[in-house]
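K.L.:
This is the content of coords.pdb (PDB, C-alpha atoms, pLDDT in the B column):
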MODEL        1
ATOM      1  CA  MET A 189       2.889  -3.452  -3.663  1.00 54.00           C
ATOM      2  CA  THR A 190       6.499  -4.238  -2.780  1.00 62.00           C
ATOM      3  CA  ALA A 191       8.447  -2.108  -0.309  1.00 60.00           C
ATOM      4  CA  LYS A 192      12.125  -2.062   0.626  1.00 59.00           C
ATOM      5  CA  PRO A 193      12.712  -1.079   4.272  1.00 57.00           C
ATOM      6  CA  ALA A 194      15.988   0.197   5.710  1.00 54.00           C
ATOM      7  CA  THR A 195      16.900  -3.382   6.707  1.00 67.00           C
ATOM      8  CA  GLY A 196      17.608  -4.202   3.069  1.00 83.00           C
ATOM      9  CA  ALA A 197      14.700  -6.634   3.083  1.00 92.00           C
ATOM     10  CA  THR A 198      11.943  -6.481   0.513  1.00 96.00           C
ATOM     11  CA  ILE A 199       8.356  -6.669   1.736  1.00 97.00           C
ATOM     12  CA  ARG A 200       5.688  -8.091  -0.542  1.00 98.00           C
ATOM     13  CA  PRO A 201       2.173  -9.487  -0.148  1.00 98.00           C
ATOM     14  CA  ALA A 202       2.054 -13.184   0.714  1.00 98.00           C
ATOM     15  CA  ARG A 203       0.471 -15.534  -1.822  1.00 98.00           C
ATOM     16  CA  LEU A 204      -1.300 -18.842  -1.356  1.00 97.00           C
ATOM     17  CA  THR A 205       1.727 -20.494  -2.991  1.00 98.00           C
ATOM     18  CA  ASP A 206       3.805 -19.259   0.010  1.00 98.00           C
ATOM     19  CA  LEU A 207       1.812 -21.185   2.632  1.00 97.00           C
ATOM     20  CA  ALA A 208       4.295 -24.050   3.139  1.00 97.00           C
ATOM     21  CA  ALA A 209       7.221 -21.639   3.526  1.00 98.00           C
ATOM     22  CA  LEU A 210       5.209 -19.470   5.928  1.00 98.00           C
ATOM     23  CA  LYS A 211       4.340 -22.471   8.099  1.00 97.00           C
ATOM     24  CA  SER A 212       8.010 -23.459   8.235  1.00 97.00           C
ATOM     25  CA  VAL A 213       9.144 -19.998   9.379  1.00 97.00           C
ATOM     26  CA  MET A 214       6.347 -19.826  11.943  1.00 97.00           C
ATOM     27  CA  ASP A 215       7.289 -23.211  13.381  1.00 96.00           C
ATOM     28  CA  LEU A 216      10.967 -22.232  13.629  1.00 97.00           C
ATOM     29  CA  ALA A 217      10.145 -18.886  15.230  1.00 97.00           C
ATOM     30  CA  ILE A 218       7.780 -20.385  17.802  1.00 97.00           C
ATOM     31  CA  GLY A 219      10.228 -23.139  18.741  1.00 96.00           C
ATOM     32  CA  THR A 220      13.386 -21.048  18.782  1.00 97.00           C
ATOM     33  CA  LEU A 221      12.544 -17.461  19.707  1.00 96.00           C
ATOM     34  CA  GLN A 222      10.113 -18.401  22.493  1.00 96.00           C
ATOM     35  CA  SER A 223      12.623 -20.730  24.198  1.00 96.00           C
ATOM     36  CA  ALA A 224      14.138 -17.937  26.300  1.00 95.00           C
ATOM     37  CA  PHE A 225      10.690 -17.103  27.707  1.00 97.00           C
ATOM     38  CA  LEU A 226       8.689 -20.338  27.867  1.00 97.00           C
ATOM     39  CA  ALA A 227       9.167 -23.920  29.029  1.00 97.00           C
ATOM     40  CA  ALA A 228       8.980 -26.724  26.449  1.00 97.00           C
ATOM     41  CA  ALA A 229       5.367 -27.562  27.386  1.00 97.00           C
ATOM     42  CA  GLN A 230       4.384 -23.908  26.915  1.00 97.00           C
ATOM     43  CA  ILE A 231       6.062 -23.786  23.516  1.00 97.00           C
ATOM     44  CA  ALA A 232       4.126 -26.883  22.483  1.00 95.00           C
ATOM     45  CA  ALA A 233       0.930 -25.291  23.801  1.00 95.00           C
ATOM     46  CA  SER A 234       1.700 -22.105  21.853  1.00 94.00           C
ATOM     47  CA  ARG A 235       1.358 -24.023  18.624  1.00 92.00           C
ATOM     48  CA  ALA A 236      -2.295 -24.730  19.516  1.00 88.00           C
ATOM     49  CA  VAL A 237      -3.168 -21.021  19.380  1.00 87.00           C
ATOM     50  CA  MET A 238      -0.542 -19.528  17.065  1.00 92.00           C
ATOM     51  CA  GLY A 239       0.223 -20.041  13.423  1.00 90.00           C
ATOM     52  CA  LEU A 240      -0.961 -19.496   9.913  1.00 93.00           C
ATOM     53  CA  ASP A 241      -4.252 -17.699   9.240  1.00 94.00           C
ATOM     54  CA  ARG A 242      -5.054 -18.148   5.540  1.00 95.00           C
ATOM     55  CA  GLN A 243      -7.726 -15.448   5.793  1.00 95.00           C
ATOM     56  CA  LEU A 244      -4.988 -12.818   6.096  1.00 97.00           C
ATOM     57  CA  VAL A 245      -3.366 -14.053   2.878  1.00 98.00           C
ATOM     58  CA  THR A 246      -6.729 -14.174   1.091  1.00 97.00           C
ATOM     59  CA  ASP A 247      -7.562 -10.645   2.320  1.00 97.00           C
ATOM     60  CA  GLY A 248      -4.230  -9.361   0.964  1.00 98.00           C
ATOM     61  CA  THR A 249      -3.133  -8.108   4.382  1.00 98.00           C
ATOM     62  CA  TYR A 250      -0.322 -10.586   5.064  1.00 98.00           C
ATOM     63  CA  PHE A 251       3.247  -9.834   4.031  1.00 98.00           C
ATOM     64  CA  ILE A 252       6.588 -11.545   3.576  1.00 98.00           C
ATOM     65  CA  ALA A 253       9.963  -9.932   4.215  1.00 98.00           C
ATOM     66  CA  GLU A 254      12.700 -11.385   2.024  1.00 97.00           C
ATOM     67  CA  ALA A 255      16.388 -10.759   2.679  1.00 95.00           C
ATOM     68  CA  ASP A 256      19.499 -12.354   1.267  1.00 89.00           C
ATOM     69  CA  GLY A 257      17.266 -14.455  -1.006  1.00 91.00           C
ATOM     70  CA  ALA A 258      15.385 -16.014   1.916  1.00 95.00           C
ATOM     71  CA  LEU A 259      12.078 -15.615   3.718  1.00 97.00           C
ATOM     72  CA  ALA A 260      13.271 -13.554   6.694  1.00 98.00           C
ATOM     73  CA  GLY A 261       9.928 -12.922   8.330  1.00 98.00           C
ATOM     74  CA  CYS A 262       6.209 -12.516   7.889  1.00 98.00           C
ATOM     75  CA  GLY A 263       3.397 -10.586   9.461  1.00 98.00           C
ATOM     76  CA  GLY A 264       0.155  -8.885   8.731  1.00 98.00           C
ATOM     77  CA  TRP A 265      -2.745  -6.855   9.861  1.00 98.00           C
ATOM     78  CA  SER A 266      -6.462  -7.388   9.636  1.00 97.00           C
ATOM     79  CA  ARG A 267      -9.672  -5.493   9.263  1.00 98.00           C
ATOM     80  CA  ARG A 268     -11.382  -8.511  10.897  1.00 97.00           C
ATOM     81  CA  ALA A 269     -12.102  -8.892  14.612  1.00 96.00           C
ATOM     82  CA  THR A 270      -9.916 -11.981  15.251  1.00 94.00           C
ATOM     83  CA  LEU A 271      -7.130 -10.805  17.569  1.00 95.00           C
ATOM     84  CA  TYR A 272      -4.861 -13.857  17.358  1.00 93.00           C
ATOM     85  CA  GLY A 273      -4.772 -17.493  16.349  1.00 90.00           C
ATOM     86  CA  GLY A 274      -4.274 -19.624  13.274  1.00 87.00           C
ATOM     87  CA  ASP A 275      -6.546 -21.585  10.981  1.00 87.00           C
ATOM     88  CA  HIS A 276      -6.721 -24.375  13.566  1.00 82.00           C
ATOM     89  CA  SER A 277      -7.714 -22.041  16.448  1.00 78.00           C
ATOM     90  CA  ALA A 278     -11.482 -22.369  15.977  1.00 67.00           C
ATOM     91  CA  GLY A 279     -12.387 -20.827  19.338  1.00 71.00           C
ATOM     92  CA  LEU A 280     -10.459 -17.645  18.565  1.00 76.00           C
ATOM     93  CA  ARG A 281     -11.913 -16.922  15.121  1.00 80.00           C
ATOM     94  CA  GLU A 282     -14.107 -13.851  14.663  1.00 86.00           C
ATOM     95  CA  PRO A 283     -14.349 -12.960  10.949  1.00 89.00           C
ATOM     96  CA  ARG A 284     -16.574  -9.902  11.487  1.00 94.00           C
ATOM     97  CA  LEU A 285     -15.250  -6.793   9.724  1.00 97.00           C
ATOM     98  CA  LEU A 286     -14.112  -4.017  12.046  1.00 98.00           C
ATOM     99  CA  ASP A 287     -15.349  -0.430  11.851  1.00 98.00           C
ATOM    100  CA  PRO A 288     -12.267   1.788  11.327  1.00 98.00           C
ATOM    101  CA  ALA A 289     -14.113   4.741  12.873  1.00 97.00           C
ATOM    102  CA  THR A 290     -14.574   3.015  16.238  1.00 98.00           C
ATOM    103  CA  GLU A 291     -12.386  -0.098  16.369  1.00 98.00           C
ATOM    104  CA  ALA A 292      -8.681  -0.902  16.185  1.00 98.00           C
ATOM    105  CA  ALA A 293      -7.125  -2.808  13.298  1.00 98.00           C
ATOM    106  CA  ARG A 294      -5.436  -6.046  14.333  1.00 98.00           C
ATOM    107  CA  VAL A 295      -1.727  -6.696  13.859  1.00 98.00           C
ATOM    108  CA  ARG A 296      -1.486 -10.445  13.352  1.00 97.00           C
ATOM    109  CA  ALA A 297       0.877 -13.387  13.096  1.00 96.00           C
ATOM    110  CA  MET A 298       4.237 -11.626  13.250  1.00 98.00           C
ATOM    111  CA  TYR A 299       7.156 -14.063  12.894  1.00 97.00           C
ATOM    112  CA  THR A 300      10.864 -13.622  12.205  1.00 97.00           C
ATOM    113  CA  HIS A 301      13.044 -16.467  10.987  1.00 97.00           C
ATOM    114  CA  PRO A 302      15.565 -17.050  13.815  1.00 97.00           C
ATOM    115  CA  ALA A 303      18.498 -16.483  11.424  1.00 96.00           C
ATOM    116  CA  PHE A 304      17.214 -12.929  10.863  1.00 96.00           C
ATOM    117  CA  ALA A 305      16.212 -12.058  14.451  1.00 95.00           C
ATOM    118  CA  ARG A 306      17.217  -8.626  15.738  1.00 92.00           C
ATOM    119  CA  ARG A 307      18.011  -7.285  12.287  1.00 94.00           C
ATOM    120  CA  GLY A 308      14.996  -4.978  11.905  1.00 95.00           C
ATOM    121  CA  ILE A 309      12.761  -7.426  10.029  1.00 97.00           C
ATOM    122  CA  GLY A 310       9.969  -7.415  12.619  1.00 97.00           C
ATOM    123  CA  ARG A 311      10.109  -3.636  12.967  1.00 97.00           C
ATOM    124  CA  ALA A 312       9.914  -3.186   9.174  1.00 97.00           C
ATOM    125  CA  LEU A 313       6.947  -5.564   8.870  1.00 98.00           C
ATOM    126  CA  LEU A 314       5.180  -3.872  11.776  1.00 98.00           C
ATOM    127  CA  ALA A 315       5.636  -0.406  10.247  1.00 98.00           C
ATOM    128  CA  HIS A 316       4.394  -1.718   6.888  1.00 98.00           C
ATOM    129  CA  CYS A 317       1.254  -3.151   8.520  1.00 98.00           C
ATOM    130  CA  GLU A 318       0.574   0.023  10.498  1.00 98.00           C
ATOM    131  CA  ALA A 319       0.849   2.138   7.347  1.00 98.00           C
ATOM    132  CA  ALA A 320      -1.557  -0.142   5.481  1.00 98.00           C
ATOM    133  CA  ALA A 321      -4.094  -0.032   8.339  1.00 98.00           C
ATOM    134  CA  ARG A 322      -3.778   3.756   8.540  1.00 98.00           C
ATOM    135  CA  ALA A 323      -4.367   4.013   4.778  1.00 98.00           C
ATOM    136  CA  GLU A 324      -7.681   2.180   5.264  1.00 97.00           C
ATOM    137  CA  GLY A 325      -8.838   4.662   7.893  1.00 98.00           C
ATOM    138  CA  PHE A 326      -7.851   2.938  11.131  1.00 98.00           C
ATOM    139  CA  ALA A 327      -6.601   5.235  13.896  1.00 98.00           C
ATOM    140  CA  ARG A 328      -5.470   2.451  16.271  1.00 98.00           C
ATOM    141  CA  CYS A 329      -3.926  -1.006  16.154  1.00 98.00           C
ATOM    142  CA  GLU A 330      -4.135  -3.815  18.681  1.00 98.00           C
ATOM    143  CA  LEU A 331      -2.292  -7.111  18.882  1.00 98.00           C
ATOM    144  CA  MET A 332      -1.718 -10.061  21.164  1.00 97.00           C
ATOM    145  CA  ALA A 333       1.963 -10.201  22.064  1.00 98.00           C
ATOM    146  CA  THR A 334       4.008 -13.174  23.138  1.00 97.00           C
ATOM    147  CA  LEU A 335       6.646 -12.549  25.781  1.00 97.00           C
ATOM    148  CA  ALA A 336       9.292 -12.781  23.034  1.00 96.00           C
ATOM    149  CA  GLY A 337       7.486 -10.177  20.905  1.00 97.00           C
ATOM    150  CA  GLU A 338       6.616  -7.704  23.654  1.00 97.00           C
ATOM    151  CA  PRO A 339       9.971  -5.820  23.604  1.00 97.00           C
ATOM    152  CA  LEU A 340       9.570  -5.074  19.871  1.00 97.00           C
ATOM    153  CA  TYR A 341       6.045  -3.779  20.348  1.00 98.00           C
ATOM    154  CA  ARG A 342       7.004  -1.610  23.334  1.00 98.00           C
ATOM    155  CA  VAL A 343       9.814   0.016  21.324  1.00 97.00           C
ATOM    156  CA  ALA A 344       7.312   0.610  18.505  1.00 98.00           C
ATOM    157  CA  GLY A 345       4.998   2.504  20.868  1.00 98.00           C
ATOM    158  CA  TYR A 346       2.519  -0.173  21.959  1.00 98.00           C
ATOM    159  CA  ASP A 347       1.193  -0.239  25.522  1.00 98.00           C
ATOM    160  CA  VAL A 348      -0.179  -3.222  27.443  1.00 98.00           C
ATOM    161  CA  ILE A 349      -3.983  -3.195  27.640  1.00 98.00           C
ATOM    162  CA  GLU A 350      -4.402  -6.516  29.450  1.00 98.00           C
ATOM    163  CA  GLU A 351      -2.458  -9.619  30.369  1.00 98.00           C
ATOM    164  CA  ILE A 352      -3.967 -13.050  29.815  1.00 97.00           C
ATOM    165  CA  VAL A 353      -2.970 -16.688  30.115  1.00 97.00           C
ATOM    166  CA  ASP A 354      -4.119 -18.943  27.289  1.00 95.00           C
ATOM    167  CA  ASP A 355      -4.181 -22.588  28.341  1.00 94.00           C
ATOM    168  CA  ARG A 356      -6.080 -24.056  25.378  1.00 90.00           C
ATOM    169  CA  GLY A 357      -2.956 -25.953  24.323  1.00 91.00           C
ATOM    170  CA  GLY A 358      -2.628 -27.786  27.635  1.00 94.00           C
ATOM    171  CA  ALA A 359      -0.094 -25.504  29.353  1.00 97.00           C
ATOM    172  CA  PRO A 360      -0.450 -21.872  30.448  1.00 97.00           C
ATOM    173  CA  VAL A 361       0.960 -19.423  27.877  1.00 97.00           C
ATOM    174  CA  PRO A 362       1.205 -15.790  29.042  1.00 98.00           C
ATOM    175  CA  LEU A 363       0.162 -13.227  26.420  1.00 98.00           C
ATOM    176  CA  LYS A 364      -0.264  -9.456  26.442  1.00 98.00           C
ATOM    177  CA  ARG A 365      -2.904  -7.545  24.524  1.00 98.00           C
ATOM    178  CA  MET A 366      -1.276  -4.315  23.410  1.00 98.00           C
ATOM    179  CA  GLY A 367      -2.466  -1.219  21.567  1.00 98.00           C
ATOM    180  CA  LYS A 368      -1.174   1.867  19.827  1.00 98.00           C
ATOM    181  CA  VAL A 369      -2.604   5.050  18.368  1.00 98.00           C
ATOM    182  CA  LEU A 370      -1.441   5.364  14.762  1.00 97.00           C
TER     183      LEU A 370
ENDMDL
END
Let's see the structure in the file written out as structure tokens.

P.N.:
Amino acid sequence: MTAKPATGATIRPARLTDLAALKSVMDLAIGTLQSAFLAAAQIAASRAVMGLDRQLVTDGTYFIAEADGALAGCGGWSRRATLYGGDHSAGLREPRLLDPATEAARVRAMYTHPAFARRGIGRALLAHCEAAARAEGFARCELMATLAGEPLYRVAGYDVIEEIVDDRGGAPVPLKRMGKVL
């Protein structure tokens, strides 16, 4: 399924052949968009718990937004219990399937290429993910927000459930678990 949001971007499912491009956008987004909120050591530590989760691509719940012929952003949702983290984040992985009747779907790994920041790409991807989760019977979504991502999620109707500090990468990285009724 391919969708075209109001931003002019096209949203399509990510494929395994997109992995290198996804990693590149994620690295740029972490390094650039977090710099207004985190110190260099925290940005480096962020890479230890953020990044690509191939399971989302394999499950068909990870999407790419393309604009002006480029990968403008990516993001997904999951019917699995993992709340955040990439392939390399072994301690964060929880592949158990969620029960849509009692549990919240997870919005996962949302990244915007810095050249496309503040152009509606993240909002379009988020809405696409929420609609897909709703179509599978989920009534709520939860996510783990970075400080850079929190303003987007607040505008989209998410509320803070808890604040944590993840120091697995060697420096304390503040994160906010947020939720929304769909």

K.L.:
To one decimal place in Å, what is the distance between atom CA of A:Gly273 and atom CA of A:Ala233?

P.N.:
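Taking atom CA of A:Gly273 as the start and atom CA of A:Ala233 as the end point, the length is 12.2 Å.
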
K.L.:
I'd like the interatomic distance between atom CA of A:Cys262 and atom CA of A:Gly358, to a tenth of an Å.

P.N.:
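Distance reported for this atom pair: 26.5 Å.
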
K.L.:
Which centre and edge lengths in Å to one decimal define the box along x, y and z that fits every listed atom of stretch 299-306 of chain A plus 8 Å per side, as AutoDock Vina command-line options?

P.N.:
--center_x 12.8 --center_y -12.8 --center_z 13.3 --size_x 27.3 --size_y 24.4 --size_z 20.9

K.L.:
Could you state the separation of atom CA of A:Arg356 and atom CA of A:Ala208 in Å, given to one decimal place?

P.N.:
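Between atom CA of A:Arg356 and atom CA of A:Ala208 the gap is 24.5 Å.
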
K.L.:
So which residues get picked by the PyMOL selection byres ((chain A and resi 314) around 10) here, written as a PyMOL selection string?

P.N.:
chain A and resi 251+262-265+295-296+298+308-313+315-320+340-341+344
